[in-house]
Amino acid sequence: MSEHLLLRHREIPDLDQLDVYRANGGFKAFHKAVTTIKPVEVLNEVKASGLRGRGGAGFPTGIKWSFIPNNIWPHYVVANADESEPGTFKDREIIESNPYQFLEGLMLASYAVQAATSYIYLRGEFWYLAEKLDTCIAELEKAGLLGEELFGSEYSLKLHTHLGAGAYICGEETALLESLEGKLGMPRLRPPFPAVVGLYERPTVINNVETLTNVPLIIQNGSKWYRQFGTEQSPGVKIFSLSGCINKPGNYELPLGATFRELIYECGGGIPDGKKIKAVMTAGASSTLIEASEKMLDTPMDYESVQQELGAPLGSASVIILDDSVNMAWLADKTLHFFMHESCGKCTPCREGTYWMAQLSHRIMSGKAEPDDVDLLHSVASQIAGKPLCALGEFSVMAVISSIDKFRSDYDAYVRS
Amino acid sequence: VNNLYTAYREEIDQALAKYPADQKRSAVLPLLHMAQRKQGTISQQAIEDIAAILDLEATEVATIIGFYTLFHLEGGRYHIQVCTDLPCALRGAEEFLKQVCEYLGIGVGETTADGLFMVEEVKCLAACHRAPMFQLQGNGEITYHEEQTIDTFKLLVDSLRAQAGKEAGK
């Protein structure tokens, strides 16, 4: 694609300055919405665009908004800027370089569900980004784009940043709400869903930063225009965070449905040191391993194709490339160490399960395991699957099960024969 | 007398104003961040002061400190936090961490004899494409250091040491 829709700062210098953003069409969508479009029409336009949540779940954004009931007030919108999945670094670039487009998206979402106060929850390490957003918010207030009775309408809006403090689990939306309420960041039992009982027990929309950054374009240009990008079921563009064994790691914005080949070889410049690609992960550490093949390289990267043709969720599109020097038992051990450390401890399958899987994996890696231990690891992982309270517990077994299923011989290198 | 509130009244009121009046508890992370920024670590006094401001028990505040990894009750002035998660490990982060420890003469989780540096192995920091990398937490700030080599690391550590030496000499 010649021009970016989300990473527009790559063509437009100083896009993080309000006057530059406005000179390039910024806040026209928000002004148009508040002065001439009914909230429900904004919601319907986003619904018609087919935009799906970019945080990983891929849930249709407009439908998520439509779950907000109109008999319980106030409503809240919370932007999820907790970006903590290993392999994911897209929201950071958006906030760093194109913060106003993200904020305009958050403001449009707030208007659509008539929230008067919205929050941006950032991971604690994004301290400097929170300061940056605070400055942006102050600029918006000064310019009359945020505040009371905007543009002479009855709509008022306040935005606040809120910093987490180092906990992967807070990217899970109900754990995020707990954390924002000043409690331990542990997931809530669902139902009720946040759309009905969310922040402070009020109806709440939670959207990922990248998801919201799409919204101004949809409102400004219409859902039909937006649908020219991507596929029927996965419309629009996506930022692919490319990392691992790759010549040019980084964020690449491509229409959904672009192939792995385009991303890995055209954008990423292929595999370094003359090595061969062995596998990819598409959802960071939470991925099911996908074996490299010609078929895989030609598979379109959209929510439906990756799932149907390769049996793995596209997730957050944090694509980690693994070359033929990477041992998958080592890789699974790495992800297990991560999940054991980040398990919040609320539910038993995840708290105990990640611990036992890590113990077994450690035994395998230290060369003390019998071949049966690999089967035992697989068995423990399979018994955890389907039982944790939240998706993050589910993610802890993905690399374990798929590495044993698809790369069993990598384990044989460690176990005693 | 609430020491923390007396000292930083304006900032604390600003933090509280972000949340509904009956949801003061929401300000617990912001106030802990503020206390740590001002004082380097979080003191028992700060815990009690924050609890009093938010109508919480001190134990509840302490529990929250324990749950989140960015808060420190003790430790060196600078926390060197190296990410060794999968994408960083694929780009040499484990070797880098080893070299960092060697240069400082300490192991992971330990503090240098002068009390200046503590090395920690941490989880993903959203900088996978620019590994090896670490964040430096200290002096009330968090800064990212990306595309690192042991040589760039030595330069930074040496300059922080020299700066600390100068301050001590004053």
# chains A, B, ... in the order shown; residues from 1 in each chain; ligands from 1
$ residues_around --residues "region 242-251 of chain A" --least-positions-apart "3" --cutoff "7 Å" --atoms "only C-alpha atoms" --output "short mmCIF file (atom, residue, chain, number, x, y, z; two decimals) with N, CA, C and O atoms, in the first residue's frame"
data_model
loop_
_atom_site.label_atom_id
_atom_site.label_comp_id
_atom_site.auth_asym_id
_atom_site.auth_seq_id
_atom_site.Cartn_x
_atom_site.Cartn_y
_atom_site.Cartn_z
N GLY A 87 6.04 -9.69 21.48
CA GLY A 87 5.95 -9.63 20.02
C GLY A 87 5.06 -8.49 19.53
O GLY A 87 4.94 -8.28 18.33
N LYS A 90 2.80 -2.29 18.43
CA LYS A 90 2.11 -1.42 17.47
C LYS A 90 1.44 -0.22 18.13
O LYS A 90 1.53 0.90 17.63
N ILE A 239 -2.02 -3.43 11.56
CA ILE A 239 -0.58 -3.29 11.77
C ILE A 239 -0.03 -4.63 12.22
O ILE A 239 -0.49 -5.20 13.23
N GLY A 268 9.64 -7.62 5.33
CA GLY A 268 10.67 -7.96 6.32
C GLY A 268 12.02 -8.35 5.74
O GLY A 268 12.97 -8.58 6.50
N GLY A 269 12.09 -8.47 4.42
CA GLY A 269 13.39 -8.76 3.81
C GLY A 269 13.90 -10.17 4.04
O GLY A 269 15.09 -10.44 3.87
N GLY A 270 13.02 -11.07 4.46
CA GLY A 270 13.41 -12.48 4.58
C GLY A 270 14.19 -12.81 5.83
O GLY A 270 14.32 -12.01 6.75
N ILE A 271 14.72 -14.03 5.83
CA ILE A 271 15.37 -14.59 7.02
C ILE A 271 16.88 -14.31 6.94
O ILE A 271 17.48 -14.54 5.89
N PRO A 272 17.48 -13.86 8.02
CA PRO A 272 18.91 -13.54 7.96
C PRO A 272 19.81 -14.77 7.93
O PRO A 272 19.38 -15.88 8.24
N SER A 318 0.85 -10.23 15.92
CA SER A 318 2.25 -10.03 16.35
C SER A 318 3.00 -11.23 15.82
O SER A 318 2.98 -12.29 16.41
N VAL A 319 3.62 -11.05 14.66
CA VAL A 319 4.17 -12.18 13.94
C VAL A 319 5.64 -12.39 14.32
O VAL A 319 6.49 -11.55 14.01
N ILE A 320 5.89 -13.49 15.02
CA ILE A 320 7.26 -13.82 15.41
C ILE A 320 7.77 -14.90 14.45
O ILE A 320 7.13 -15.95 14.30
N ILE A 321 8.88 -14.62 13.81
CA ILE A 321 9.44 -15.56 12.82
C ILE A 321 10.50 -16.43 13.49
O ILE A 321 11.37 -15.92 14.22
N LEU A 322 10.43 -17.73 13.23
CA LEU A 322 11.36 -18.68 13.84
C LEU A 322 12.12 -19.39 12.72
O LEU A 322 11.49 -19.96 11.82
N ASP A 323 13.46 -19.33 12.77
CA ASP A 323 14.21 -20.01 11.72
C ASP A 323 14.61 -21.42 12.16
O ASP A 323 14.29 -21.85 13.28
N PRO B 87 10.77 -12.89 21.71
CA PRO B 87 11.30 -12.13 20.57
C PRO B 87 12.66 -11.50 20.86
O PRO B 87 13.52 -11.45 19.99
N LEU B 90 15.39 -14.17 20.79
CA LEU B 90 15.76 -14.54 19.42
C LEU B 90 16.76 -13.55 18.83
O LEU B 90 17.38 -13.81 17.81
N ARG B 91 16.89 -12.41 19.47
CA ARG B 91 17.83 -11.39 19.00
C ARG B 91 18.96 -11.14 20.00
O ARG B 91 19.49 -10.04 20.08
N CYS B 128 10.18 -5.30 20.84
CA CYS B 128 10.73 -6.56 20.31
C CYS B 128 11.58 -6.36 19.07
O CYS B 128 12.50 -7.14 18.81
N HIS B 129 11.27 -5.33 18.27
CA HIS B 129 11.99 -5.13 17.02
C HIS B 129 13.32 -4.42 17.24
O HIS B 129 14.09 -4.28 16.31
#
$ closest_atom_pairs --of "chain B" --to "chain A" --cutoff "9 Å" --atoms "only C-alpha atoms" --output "tab-separated table"
residue	atom	partner	partner_atom	distance
B:Lys18	CA	A:His160	CA	6.4
B:Tyr19	CA	A:His160	CA	8.9
B:Gln23	CA	A:Glu181	CA	7.4
B:Lys24	CA	A:Gly182	CA	8.4
B:Arg25	CA	A:Gly182	CA	5.1
B:Ser26	CA	A:Gly182	CA	4.1
B:Ala27	CA	A:Gly182	CA	6.5
B:Val28	CA	A:Gly182	CA	5.5
B:Leu29	CA	A:Gly182	CA	6.6
B:Pro30	CA	A:Leu163	CA	6.8
B:His33	CA	A:Ala165	CA	8.1
B:Glu60	CA	A:Lys183	CA	8.7
B:Thr63	CA	A:Leu184	CA	8.0
B:Ile64	CA	A:Leu184	CA	6.0
B:Ile65	CA	A:Ala165	CA	8.9
B:Phe67	CA	A:Leu184	CA	6.7
B:Tyr68	CA	A:Gly166	CA	5.2
B:Thr69	CA	A:Gly166	CA	4.9
B:Leu70	CA	A:Ala165	CA	5.2
B:Phe71	CA	A:Ala165	CA	7.2
B:Thr84	CA	A:Lys334	CA	8.8
B:Asp85	CA	A:Pro86	CA	6.6
B:Leu86	CA	A:Lys334	CA	6.1
B:Pro87	CA	A:Gly244	CA	5.0
B:Cys88	CA	A:Gly244	CA	7.4
B:Ala89	CA	A:Gly244	CA	8.4
B:Leu90	CA	A:Gly244	CA	5.5
B:Arg91	CA	A:Gly244	CA	6.7
B:Lys123	CA	A:Phe338	CA	6.9
B:Cys124	CA	A:Pro86	CA	5.1
B:Leu125	CA	A:Ser84	CA	6.6
B:Ala126	CA	A:Phe89	CA	4.5
B:Ala127	CA	A:Phe89	CA	6.0
B:Cys128	CA	A:Gly87	CA	5.7
B:His129	CA	A:Pro249	CA	5.0
B:Arg130	CA	A:Pro249	CA	7.9
B:Gln135	CA	A:Glu125	CA	8.4
B:Glu141	CA	A:Trp127	CA	8.0
B:Ile142	CA	A:Glu125	CA	6.7
B:Thr143	CA	A:Tyr128	CA	8.0
B:Tyr144	CA	A:Glu125	CA	8.9
$ atom_distance --atom1 "CA of Glu172 (chain A)" --atom2 "CA of Pro192 (chain A)"
15.2 Å
$ select_by_dssp --residues "region 51-115 of chain B" --states "helix (DSSP H, G or I)" --output "compact mmCIF listing (two decimals) with C-alpha atoms, in the first residue's frame"
# COMPACT_ATOMS: atom_id res chain seq x y z
CA ALA B 51 -4.15 4.37 52.68
CA ALA B 52 -5.39 7.28 54.78
CA ILE B 53 -6.00 9.49 51.73
CA LEU B 54 -8.01 6.77 49.98
CA ALA B 58 -2.43 -0.06 54.80
CA THR B 59 -2.48 -3.80 54.15
CA GLU B 60 -4.63 -3.32 51.06
CA VAL B 61 -2.15 -0.80 49.66
CA ALA B 62 0.76 -3.15 50.45
CA THR B 63 -1.02 -6.00 48.66
CA ILE B 64 -1.32 -3.88 45.56
CA ILE B 65 2.40 -3.03 45.69
CA GLY B 66 3.15 -6.75 45.80
CA PHE B 67 0.91 -7.58 42.85
CA LEU B 86 10.95 -14.84 23.26
CA PRO B 87 11.30 -12.13 20.57
CA CYS B 88 14.16 -10.45 22.45
CA ALA B 89 15.80 -13.83 23.16
CA ALA B 93 18.94 -10.73 24.78
CA GLU B 94 20.09 -13.63 26.95
CA GLU B 95 23.72 -13.16 25.95
CA PHE B 96 23.32 -9.41 26.48
CA LEU B 97 21.97 -9.95 30.00
CA LYS B 98 24.94 -12.19 30.79
CA GLN B 99 27.34 -9.47 29.66
CA VAL B 100 25.44 -6.84 31.68
CA CYS B 101 25.76 -8.97 34.82
CA GLU B 102 29.44 -9.61 34.15
CA TYR B 103 30.19 -5.93 33.71
CA LEU B 104 28.40 -4.97 36.93
$ residues_around --residues "Ser43 (chain B)" --least-positions-apart "4" --cutoff "10 Å" --atoms "only C-alpha atoms" --output "list in words"
Ala35, Gln36, Gln39, Ile47, Glu48, Asp49, His72, Leu73 and Glu74 of chain B
$ select_by_dssp --residues "region 4-245 of chain A" --states "strand (DSSP E or B)" --output "PyMOL selection string"
chain A and resi 52+60+76-81+117-122+147+157-163+204-208+230+235+237-244
$ write_last_selection --atoms "N, CA and C atoms" --output "short mmCIF file (atom, residue, chain, number, x, y, z; two decimals), in the first residue's frame"
data_model
loop_
_atom_site.label_atom_id
_atom_site.label_comp_id
_atom_site.auth_asym_id
_atom_site.auth_seq_id
_atom_site.Cartn_x
_atom_site.Cartn_y
_atom_site.Cartn_z
N ARG A 52 -13.11 -4.95 13.15
CA ARG A 52 -13.03 -5.94 14.22
C ARG A 52 -11.91 -5.59 15.18
N PRO A 60 -16.35 -7.94 16.41
CA PRO A 60 -16.80 -6.75 15.67
C PRO A 60 -17.06 -5.56 16.61
N TYR A 76 -19.14 4.38 30.17
CA TYR A 76 -17.70 4.70 30.06
C TYR A 76 -17.12 4.03 28.82
N VAL A 77 -16.08 4.68 28.27
CA VAL A 77 -15.23 4.01 27.28
C VAL A 77 -13.82 3.95 27.85
N VAL A 78 -13.20 2.81 27.76
CA VAL A 78 -11.82 2.65 28.23
C VAL A 78 -10.97 2.16 27.06
N ALA A 79 -9.92 2.92 26.76
CA ALA A 79 -8.99 2.48 25.72
C ALA A 79 -7.94 1.58 26.37
N ASN A 80 -7.75 0.43 25.77
CA ASN A 80 -6.78 -0.53 26.29
C ASN A 80 -5.42 -0.28 25.63
N ALA A 81 -4.54 0.38 26.37
CA ALA A 81 -3.17 0.64 25.89
C ALA A 81 -2.19 -0.09 26.80
N THR A 117 -17.12 10.61 30.35
CA THR A 117 -15.76 10.45 30.85
C THR A 117 -15.20 9.16 30.27
N SER A 118 -14.01 9.24 29.72
CA SER A 118 -13.38 8.03 29.20
C SER A 118 -11.94 7.97 29.69
N TYR A 119 -11.45 6.74 29.80
CA TYR A 119 -10.11 6.53 30.34
C TYR A 119 -9.21 5.84 29.33
N ILE A 120 -7.94 6.12 29.44
CA ILE A 120 -6.92 5.42 28.65
C ILE A 120 -6.04 4.68 29.65
N TYR A 121 -6.12 3.36 29.64
CA TYR A 121 -5.32 2.56 30.57
C TYR A 121 -4.03 2.14 29.86
N LEU A 122 -2.90 2.68 30.33
CA LEU A 122 -1.61 2.35 29.73
C LEU A 122 -0.79 1.49 30.68
N GLY A 147 -14.19 19.01 26.40
CA GLY A 147 -14.71 19.89 27.45
C GLY A 147 -16.22 19.87 27.48
N LEU A 157 -17.31 16.01 27.11
CA LEU A 157 -16.43 14.84 27.24
C LEU A 157 -15.11 15.20 27.92
N LYS A 158 -14.71 14.31 28.85
CA LYS A 158 -13.41 14.41 29.51
C LYS A 158 -12.64 13.13 29.25
N LEU A 159 -11.32 13.27 29.03
CA LEU A 159 -10.46 12.09 28.90
C LEU A 159 -9.40 12.09 29.99
N HIS A 160 -9.09 10.91 30.51
CA HIS A 160 -8.03 10.79 31.52
C HIS A 160 -7.14 9.61 31.20
N THR A 161 -5.83 9.78 31.44
CA THR A 161 -4.92 8.64 31.35
C THR A 161 -4.84 7.96 32.71
N HIS A 162 -4.54 6.67 32.69
CA HIS A 162 -4.37 5.92 33.94
C HIS A 162 -3.26 4.90 33.71
N LEU A 163 -2.23 4.95 34.55
CA LEU A 163 -1.09 4.05 34.38
C LEU A 163 -1.22 2.79 35.20
N THR A 204 -19.74 -0.33 30.01
CA THR A 204 -18.41 0.12 29.59
C THR A 204 -17.98 -0.57 28.29
N VAL A 205 -17.48 0.26 27.37
CA VAL A 205 -16.86 -0.26 26.15
C VAL A 205 -15.35 -0.25 26.37
N ILE A 206 -14.68 -1.36 26.05
CA ILE A 206 -13.22 -1.40 26.12
C ILE A 206 -12.70 -1.75 24.74
N ASN A 207 -11.90 -0.86 24.18
CA ASN A 207 -11.33 -1.10 22.85
C ASN A 207 -9.83 -0.91 22.85
N ASN A 208 -9.17 -1.67 22.01
CA ASN A 208 -7.73 -1.56 21.82
C ASN A 208 -7.38 -0.24 21.11
N GLY A 230 -8.90 -4.78 2.79
CA GLY A 230 -9.14 -6.01 3.52
C GLY A 230 -10.09 -6.95 2.81
N PRO A 235 -12.54 -6.60 7.20
CA PRO A 235 -12.27 -5.37 6.43
C PRO A 235 -11.17 -4.53 7.07
N VAL A 237 -7.37 -2.25 7.37
CA VAL A 237 -5.94 -2.50 7.44
C VAL A 237 -5.57 -2.95 8.84
N LYS A 238 -4.39 -3.54 8.95
CA LYS A 238 -3.93 -4.05 10.24
C LYS A 238 -2.45 -3.74 10.35
N ILE A 239 -2.02 -3.43 11.56
CA ILE A 239 -0.58 -3.29 11.77
C ILE A 239 -0.03 -4.63 12.22
N PHE A 240 0.91 -5.15 11.44
CA PHE A 240 1.56 -6.41 11.78
C PHE A 240 2.90 -6.07 12.45
N SER A 241 3.05 -6.49 13.70
CA SER A 241 4.34 -6.32 14.39
C SER A 241 5.19 -7.53 14.06
N LEU A 242 6.26 -7.28 13.33
CA LEU A 242 7.10 -8.38 12.84
C LEU A 242 8.38 -8.44 13.66
N SER A 243 8.66 -9.61 14.26
CA SER A 243 9.87 -9.72 15.09
C SER A 243 10.44 -11.12 15.00
N GLY A 244 11.53 -11.35 15.71
CA GLY A 244 12.18 -12.66 15.72
C GLY A 244 13.28 -12.74 14.67
#
$ residues_around --residues "Val119 (chain B)" --least-positions-apart "2" --cutoff "8 Å" --atoms "only C-alpha atoms" --output "ChimeraX atom specification"
/B:79-82,101,106-111,117,121
$ atom_distance --atom1 "CA of Arg77 (chain B)" --atom2 "CA of Asn139 (chain B)"
7.1 Å
$ residues_around --residues "Val40 (chain A)" --least-positions-apart "6" --cutoff "10 Å" --atoms "only C-alpha atoms" --output "count of residues only"
7
$ atom_distance --atom1 "CA of Pro99 (chain A)" --atom2 "CA of Gly53 (chain A)"
18.4 Å
$ residues_around --residues "Ser343 (chain A)" --least-positions-apart "2" --cutoff "10 Å" --atoms "only C-alpha atoms" --output "list in words"
Ala167, Tyr168, Ile169, Met186, Phe338, Phe339, Met340, His341, Gly345, Lys346, Cys347, Cys350, Arg351, Glu352, Gly353, Thr354, Tyr355, Leu392, Gly393 and Ser396 of chain A
$ write_last_selection --atoms "C-alpha atoms" --output "CSV table (one decimal), in the first residue's frame"
chain,number,residue,atom,x,y,z
A,167,ALA,CA,1.1,-6.8,35.0
A,168,TYR,CA,0.4,-8.6,31.7
A,169,ILE,CA,-3.0,-9.7,33.0
A,186,MET,CA,-7.6,-10.1,38.3
A,338,PHE,CA,6.4,-15.9,30.8
A,339,PHE,CA,2.9,-17.3,31.6
A,340,MET,CA,4.0,-18.7,35.0
A,341,HIS,CA,5.4,-15.3,35.9
A,345,GLY,CA,-3.2,-16.5,40.6
A,346,LYS,CA,-6.9,-16.2,40.7
A,347,CYS,CA,-7.9,-19.4,39.1
A,350,CYS,CA,-3.7,-21.3,35.4
A,351,ARG,CA,-2.0,-20.7,38.8
A,352,GLU,CA,-1.1,-24.3,39.4
A,353,GLY,CA,-1.0,-25.4,35.7
A,354,THR,CA,1.6,-22.9,34.5
A,355,TYR,CA,3.7,-23.8,37.5
A,392,LEU,CA,-4.7,-15.5,29.1
A,393,GLY,CA,-4.7,-18.8,31.0
A,396,SER,CA,-0.4,-20.5,28.3
$ closest_residue --among "B:Ala113, B:Asn2, B:Met118, B:Gly140" --to "Ile50 (chain B)" --atoms "only C-alpha atoms"
B:Asn2
